[in-house]
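Chemist: What follows is the file target00.cif, containing mmCIF, C-alpha atoms:
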```cif
data_run
loop_
_atom_site.group_PDB
_atom_site.id
_atom_site.type_symbol
_atom_site.label_atom_id
_atom_site.label_comp_id
_atom_site.auth_asym_id
_atom_site.auth_seq_id
_atom_site.Cartn_x
_atom_site.Cartn_y
_atom_site.Cartn_z
ATOM 1 C CA MET A 1 0.000 0.000 0.000
ATOM 2 C CA SER A 2 0.997 3.624 -0.412
ATOM 3 C CA PRO A 3 1.807 5.829 2.622
ATOM 4 C CA ASP A 4 -1.541 7.585 2.120
ATOM 5 C CA GLU A 5 -3.386 4.254 2.343
ATOM 6 C CA HIS A 6 -1.500 3.271 5.508
ATOM 7 C CA PHE A 7 -2.349 6.634 7.070
ATOM 8 C CA ALA A 8 -6.019 6.235 6.114
ATOM 9 C CA ASP A 9 -6.062 2.778 7.768
ATOM 10 C CA LEU A 10 -4.476 4.240 10.901
ATOM 11 C CA LYS A 11 -7.290 6.810 11.136
ATOM 12 C CA ARG A 12 -9.869 4.053 10.627
ATOM 13 C CA ILE A 13 -8.409 2.080 13.550
ATOM 14 C CA ILE A 14 -8.498 5.164 15.778
ATOM 15 C CA GLY A 15 -12.069 5.809 14.639
ATOM 16 C CA ALA A 16 -13.043 2.230 15.524
ATOM 17 C CA ILE A 17 -11.827 2.834 19.091
ATOM 18 C CA ALA A 18 -14.674 5.388 19.203
ATOM 19 C CA GLY A 19 -13.281 7.431 22.082
ATOM 20 C CA LYS A 20 -13.281 4.506 24.540
ATOM 21 C CA ALA A 21 -9.517 4.290 25.122
ATOM 22 C CA LYS A 22 -8.014 6.158 28.057
ATOM 23 C CA ARG A 23 -4.990 7.156 25.975
ATOM 24 C CA ILE A 24 -3.897 6.540 22.371
ATOM 25 C CA THR A 25 -0.211 6.331 21.459
ATOM 26 C CA VAL A 26 0.792 5.918 17.817
ATOM 27 C CA VAL A 27 4.127 4.232 17.029
ATOM 28 C CA MET A 28 5.064 5.366 13.519
ATOM 29 C CA PRO A 29 8.539 3.995 12.678
ATOM 30 C CA MET A 30 8.859 6.227 9.606
ATOM 31 C CA LEU A 31 7.204 9.614 9.980
ATOM 32 C CA TYR A 32 4.492 10.096 7.357
ATOM 33 C CA GLU A 33 5.570 12.764 4.827
ATOM 34 C CA GLY A 34 8.497 13.561 7.133
ATOM 35 C CA ARG A 35 10.298 15.499 4.400
ATOM 36 C CA GLN A 36 7.345 17.835 3.879
ATOM 37 C CA HIS A 37 8.228 19.663 7.072
ATOM 38 C CA LYS A 38 9.159 23.218 6.053
ATOM 39 C CA ARG A 39 8.003 25.757 3.521
ATOM 40 C CA SER A 40 10.367 27.722 1.307
ATOM 41 C CA ALA A 41 7.968 28.431 -1.581
ATOM 42 C CA ARG A 42 4.551 26.835 -2.055
ATOM 43 C CA GLU A 43 5.141 23.396 -0.514
ATOM 44 C CA SER A 44 2.336 21.830 1.478
ATOM 45 C CA LEU A 45 3.250 21.095 5.098
ATOM 46 C CA ASP A 46 1.938 17.519 4.975
ATOM 47 C CA CYS A 47 3.785 16.272 8.063
ATOM 48 C CA ALA A 48 2.539 19.075 10.313
ATOM 49 C CA MET A 49 -1.015 18.641 9.033
ATOM 50 C CA MET A 50 -0.806 14.894 9.694
ATOM 51 C CA LEU A 51 0.279 15.468 13.306
ATOM 52 C CA GLN A 52 -2.510 17.968 13.911
ATOM 53 C CA GLU A 53 -5.063 15.600 12.375
ATOM 54 C CA LEU A 54 -4.006 12.740 14.665
ATOM 55 C CA VAL A 55 -4.174 14.987 17.716
ATOM 56 C CA ASN A 56 -7.643 16.182 16.713
ATOM 57 C CA ILE A 57 -8.988 12.618 16.569
ATOM 58 C CA GLY A 58 -7.655 11.680 19.981
ATOM 59 C CA VAL A 59 -3.962 10.727 19.774
ATOM 60 C CA SER A 60 -2.029 11.942 22.827
ATOM 61 C CA ASN A 61 1.483 10.744 22.001
ATOM 62 C CA LEU A 62 3.444 9.801 18.876
ATOM 63 C CA ILE A 63 6.664 7.769 18.808
ATOM 64 C CA THR A 64 8.827 7.770 15.679
ATOM 65 C CA PHE A 65 12.399 6.934 14.670
ATOM 66 C CA ASP A 66 14.989 9.359 13.299
ATOM 67 C CA ALA A 67 12.602 12.037 12.048
ATOM 68 C CA HIS A 68 13.985 14.008 9.110
ATOM 69 C CA ASP A 69 13.496 17.176 11.167
ATOM 70 C CA ALA A 70 12.187 16.686 14.719
ATOM 71 C CA ARG A 71 11.218 20.382 14.893
ATOM 72 C CA VAL A 72 8.001 19.389 13.135
ATOM 73 C CA GLN A 73 6.730 18.578 16.654
ATOM 74 C CA ASN A 74 6.189 22.335 17.011
ATOM 75 C CA ALA A 75 2.953 21.694 15.106
ATOM 76 C CA ILE A 76 1.570 19.923 18.221
ATOM 77 C CA PRO A 77 3.322 21.694 21.125
ATOM 78 C CA LEU A 78 0.934 20.444 23.837
ATOM 79 C CA HIS A 79 1.151 16.750 22.924
ATOM 80 C CA GLY A 80 3.844 14.091 23.128
ATOM 81 C CA PHE A 81 6.327 13.534 20.306
ATOM 82 C CA ASP A 82 9.204 11.105 20.946
ATOM 83 C CA ASN A 83 11.950 10.882 18.328
ATOM 84 C CA VAL A 84 14.054 7.760 18.969
ATOM 85 C CA GLN A 85 17.554 7.761 17.472
ATOM 86 C CA PRO A 86 19.090 4.455 16.241
ATOM 87 C CA THR A 87 22.656 5.646 16.861
ATOM 88 C CA TYR A 88 23.553 2.984 19.438
ATOM 89 C CA GLN A 89 22.237 0.117 17.295
ATOM 90 C CA MET A 90 24.235 1.326 14.279
ATOM 91 C CA ILE A 91 27.512 1.592 16.206
ATOM 92 C CA LYS A 92 26.918 -1.789 17.897
ATOM 93 C CA ALA A 93 26.209 -3.500 14.550
ATOM 94 C CA LEU A 94 29.362 -1.992 13.008
ATOM 95 C CA ILE A 95 31.631 -3.103 15.853
ATOM 96 C CA ARG A 96 30.133 -6.610 15.940
ATOM 97 C CA ASN A 97 30.495 -7.137 12.194
ATOM 98 C CA ILE A 98 33.840 -5.375 11.627
ATOM 99 C CA PRO A 99 36.053 -6.557 14.519
ATOM 100 C CA ASP A 100 39.251 -5.073 13.050
ATOM 101 C CA LEU A 101 37.835 -1.520 13.008
ATOM 102 C CA THR A 102 39.822 0.979 15.099
ATOM 103 C CA LEU A 103 37.465 3.727 16.238
ATOM 104 C CA ASN A 104 39.723 6.744 16.635
ATOM 105 C CA ALA A 105 40.420 9.926 14.674
ATOM 106 C CA ASP A 106 43.578 8.488 13.087
ATOM 107 C CA HIS A 107 41.707 5.630 11.445
ATOM 108 C CA VAL A 108 38.034 6.616 10.944
ATOM 109 C CA THR A 109 36.203 9.693 9.632
ATOM 110 C CA ILE A 110 32.476 10.454 9.719
ATOM 111 C CA VAL A 111 31.093 11.977 6.495
ATOM 112 C CA SER A 112 27.753 13.663 5.927
ATOM 113 C CA PRO A 113 26.353 13.239 2.388
ATOM 114 C CA ASP A 114 24.777 16.720 2.445
ATOM 115 C CA GLU A 115 24.232 19.820 4.556
ATOM 116 C CA GLY A 116 20.931 18.560 5.962
ATOM 117 C CA GLY A 117 22.559 15.551 7.624
ATOM 118 C CA MET A 118 25.234 17.512 9.492
ATOM 119 C CA SER A 119 23.495 17.534 12.890
ATOM 120 C CA ARG A 120 23.141 13.740 12.783
ATOM 121 C CA CYS A 121 26.797 13.314 11.816
ATOM 122 C CA MET A 122 27.975 15.832 14.416
ATOM 123 C CA TYR A 123 26.432 13.627 17.103
ATOM 124 C CA PHE A 124 28.293 10.531 15.829
ATOM 125 C CA SER A 125 31.489 12.572 15.536
ATOM 126 C CA SER A 126 31.301 13.989 19.067
ATOM 127 C CA VAL A 127 30.308 10.705 20.756
ATOM 128 C CA LEU A 128 33.011 8.679 18.988
ATOM 129 C CA LYS A 129 35.565 11.558 18.988
ATOM 130 C CA LEU A 130 36.137 11.288 15.225
ATOM 131 C CA ASP A 131 36.849 13.858 12.521
ATOM 132 C CA LEU A 132 33.891 15.091 10.498
ATOM 133 C CA GLY A 133 33.649 15.833 6.780
ATOM 134 C CA MET A 134 30.784 16.868 4.528
ATOM 135 C CA PHE A 135 29.749 16.781 0.902
ATOM 136 C CA TYR A 136 27.706 19.688 -0.344
ATOM 137 C CA LYS A 137 25.567 19.518 -3.443
ATOM 138 C CA ARG A 138 26.767 21.965 -6.072
ATOM 139 C CA ARG A 139 23.571 22.691 -7.956
ATOM 140 C CA ASN A 140 22.882 23.920 -11.422
ATOM 141 C CA TYR A 141 19.406 22.433 -11.043
ATOM 142 C CA PRO A 142 19.532 19.486 -10.952
ATOM 143 C CA ILE A 143 22.560 18.539 -8.795
ATOM 144 C CA GLU A 144 25.738 19.115 -10.772
ATOM 145 C CA ALA A 145 28.286 17.533 -8.426
ATOM 146 C CA HIS A 146 29.062 16.554 -4.839
ATOM 147 C CA GLU A 147 32.010 18.547 -3.435
ATOM 148 C CA TYR A 148 33.931 17.427 -0.322
ATOM 149 C CA LEU A 149 34.768 19.651 2.651
ATOM 150 C CA GLY A 150 36.924 18.225 5.434
ATOM 151 C CA LYS A 151 40.250 16.650 6.362
ATOM 152 C CA PRO A 152 41.892 14.184 3.953
ATOM 153 C CA VAL A 153 40.452 10.650 4.095
ATOM 154 C CA GLU A 154 43.420 8.899 2.512
ATOM 155 C CA GLY A 155 44.089 5.560 4.207
ATOM 156 C CA LYS A 156 41.122 5.940 6.571
ATOM 157 C CA ASP A 157 37.902 4.028 7.009
ATOM 158 C CA VAL A 158 34.888 6.276 6.328
ATOM 159 C CA ILE A 159 31.358 6.084 7.762
ATOM 160 C CA ILE A 160 28.671 7.828 5.700
ATOM 161 C CA VAL A 161 25.613 8.611 7.834
ATOM 162 C CA ASP A 162 22.220 9.447 6.347
ATOM 163 C CA ASP A 163 18.583 9.082 7.351
ATOM 164 C CA MET A 164 17.351 7.412 4.183
ATOM 165 C CA ILE A 165 18.491 5.495 1.105
ATOM 166 C CA SER A 166 16.010 5.959 -1.728
ATOM 167 C CA SER A 167 17.552 5.119 -5.108
ATOM 168 C CA GLY A 168 21.052 5.043 -3.603
ATOM 169 C CA ASP A 169 22.622 7.124 -6.373
ATOM 170 C CA SER A 170 23.905 9.824 -3.997
ATOM 171 C CA ILE A 171 25.575 7.436 -1.537
ATOM 172 C CA ILE A 172 27.258 5.422 -4.286
ATOM 173 C CA ASP A 173 28.437 8.633 -6.006
ATOM 174 C CA ILE A 174 29.864 9.919 -2.716
ATOM 175 C CA ALA A 175 31.521 6.562 -1.972
ATOM 176 C CA GLU A 176 33.193 6.605 -5.398
ATOM 177 C CA LYS A 177 34.499 10.132 -4.767
ATOM 178 C CA LEU A 178 35.868 9.064 -1.367
ATOM 179 C CA LYS A 179 37.617 6.100 -2.989
ATOM 180 C CA ILE A 180 39.236 8.463 -5.488
ATOM 181 C CA ARG A 181 40.483 10.452 -2.475
ATOM 182 C CA GLY A 182 42.125 7.312 -1.093
ATOM 183 C CA ALA A 183 39.580 6.132 1.482
ATOM 184 C CA LYS A 184 40.281 2.604 2.740
ATOM 185 C CA ARG A 185 36.847 1.119 3.527
ATOM 186 C CA ILE A 186 33.477 2.822 3.299
ATOM 187 C CA PHE A 187 30.484 1.950 5.476
ATOM 188 C CA ALA A 188 27.004 3.429 5.066
ATOM 189 C CA PHE A 189 24.624 4.014 7.993
ATOM 190 C CA ALA A 190 20.977 4.656 7.102
ATOM 191 C CA SER A 191 17.906 4.496 9.325
ATOM 192 C CA PHE A 192 15.588 3.708 6.416
ATOM 193 C CA GLY A 193 16.733 1.618 3.485
ATOM 194 C CA LEU A 194 13.973 2.005 0.886
ATOM 195 C CA PHE A 195 16.037 0.869 -2.139
ATOM 196 C CA CYS A 196 13.339 2.119 -4.523
ATOM 197 C CA ASN A 197 15.282 0.965 -7.593
ATOM 198 C CA GLY A 198 16.308 -2.392 -6.152
ATOM 199 C CA LEU A 199 19.588 -3.665 -4.701
ATOM 200 C CA LYS A 200 21.499 -4.332 -7.924
ATOM 201 C CA LYS A 201 23.551 -1.093 -7.725
ATOM 202 C CA PHE A 202 24.553 -1.852 -4.145
ATOM 203 C CA ASP A 203 25.524 -5.434 -4.961
ATOM 204 C CA GLU A 204 27.703 -4.116 -7.792
ATOM 205 C CA ALA A 205 29.232 -1.429 -5.547
ATOM 206 C CA TYR A 206 29.970 -4.047 -2.869
ATOM 207 C CA SER A 207 31.529 -6.439 -5.434
ATOM 208 C CA ALA A 208 33.669 -3.576 -6.768
ATOM 209 C CA GLY A 209 34.867 -2.715 -3.243
ATOM 210 C CA ILE A 210 33.245 0.718 -3.272
ATOM 211 C CA LEU A 211 31.012 -0.069 -0.265
ATOM 212 C CA ASN A 212 31.951 -2.473 2.548
#
```
Represent the structure from my file as structure tokens, please.

Modeler:
Amino acid sequence: MSPDEHFADLKRIIGAIAGKAKRITVVMPMLYEGRQHKRSARESLDCAMMLQELVNIGVSNLITFDAHDARVQNAIPLHGFDNVQPTYQMIKALIRNIPDLTLNADHVTIVSPDEGGMSRCMYFSSVLKLDLGMFYKRRNYPIEAHEYLGKPVEGKDVIIVDDMISSGDSIIDIAEKLKIRGAKRIFAFASFGLFCNGLKKFDEAYSAGILN
């Protein structure tokens, strides 16, 4: 089903409760229309409208994971909004699966794939005490190139942290650019792996040693 159909079913379930529950908490792992959270021209604020609609039909608290921008909770300031971060699970999975990884600034660098992901990467960088780099999207509408800002990555393992993998083109493009700059191994952290165009590109990138 589409996200709209899932959201419609959620409202039907709440409607079937018919006001009898003492409290309704919605656990929404991926925030509905989470990227429609701010207006710069004529965008509709779908995420804020969704939150207000749930509150109006009786929801008192919403729990989600790694919201694209948690400030969207300002749309419902008098109700609960819990944004759970998967940071610990990502670090634990990396250490368990890559036992020879040395987590210090001499061996590992955190890289943000764009400006919007910097706050997420800054948290990883400060907790693990690692250097931080960033790619910014040089645009000529559409994106013309990804340009790197940060310390050299030559001979280092690199962790790319993002909230979502859609087609995967951006992450693979960034990984290729890091390899050209001499990066040793490249790992990708993503809260939501949608893989809209399938996994073939990632299998090829893994076989070619671009992603580890």

Chemist: May I have the residues within 10 Å of A:Asp163 as a PyMOL selection string, using only C-alpha atoms and disregarding those fewer than 5 positions away in the same chain?

Modeler: chain A and resi 65-68+116-117+120+189-193

Chemist: For the residues selected in the previous step, produce a file with C-alpha atoms as an mmCIF file, keeping the file's coordinate frame.

Modeler:
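Heads up, here's the output in out_0.cif:
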```cif
data_model
loop_
_atom_site.group_PDB
_atom_site.id
_atom_site.type_symbol
_atom_site.label_atom_id
_atom_site.label_comp_id
_atom_site.auth_asym_id
_atom_site.auth_seq_id
_atom_site.Cartn_x
_atom_site.Cartn_y
_atom_site.Cartn_z
ATOM 1 C CA PHE A 65 12.399 6.934 14.670
ATOM 2 C CA ASP A 66 14.989 9.359 13.299
ATOM 3 C CA ALA A 67 12.602 12.037 12.048
ATOM 4 C CA HIS A 68 13.985 14.008 9.110
ATOM 5 C CA GLY A 116 20.931 18.560 5.962
ATOM 6 C CA GLY A 117 22.559 15.551 7.624
ATOM 7 C CA ARG A 120 23.141 13.740 12.783
ATOM 8 C CA PHE A 189 24.624 4.014 7.993
ATOM 9 C CA ALA A 190 20.977 4.656 7.102
ATOM 10 C CA SER A 191 17.906 4.496 9.325
ATOM 11 C CA PHE A 192 15.588 3.708 6.416
ATOM 12 C CA GLY A 193 16.733 1.618 3.485
#
```

Chemist: Step by step, work through what the PyMOL selection byres ((chain A and resi 124) around 12) selects in the shown file, and finish by giving those residues as an MDAnalysis selection string.

Modeler: chainID A and resid 85:88 90:91 103 108:112 117:123 125:133 159:162 189

Chemist: Using Å and a single decimal, report how far atom CA of A:Ile180 sits from atom CA of A:Leu149.

Modeler: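 One can read the atom CA of A:Leu149 to atom CA of A:Ile180 distance as 14.5 Å.
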
Chemist: From the list A:Ile174, A:Ile98, A:Val72, A:Ala8, which residue is nearest A:Arg39 when using all atoms listed in the file?

Modeler: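 Among the listed residues, A:Val72 lies closest to A:Arg39.
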
Chemist: Under the rule that only C-alpha atoms are counted, which of A:Pro152, A:Gly182, A:Gly168, A:Pro113 is the nearest residue to A:Gly198?

Modeler: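 Ranking A:Pro152, A:Gly182, A:Gly168, A:Pro113 by distance to A:Gly198, first place goes to A:Gly168.
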
Chemist: Would you mind reading off the distance between atom CA of A:Asn61 and atom CA of A:Asp82, one decimal, in Å?

Modeler: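 Distance reported for this atom pair: 7.8 Å.
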
Chemist: Determine, counting all atoms listed in the file, which protein, DNA and RNA residues have an atom within 12 Å of an atom of A:Tyr206; residues of the same chain fewer than 2 positions away are not included. Present the result as an MDAnalysis selection string.

Modeler: chainID A and resid 172 175:176 185:188 199:204 208:212

Chemist: Step by step, work through what the PyMOL selection byres ((chain A and resi 48-57) around 9) selects in the shown file, and finish by giving those residues as a ChimeraX atom specification.

Modeler: /A:7,11,14-15,19,26,32-34,36-38,44-47,58-62,72-76,79
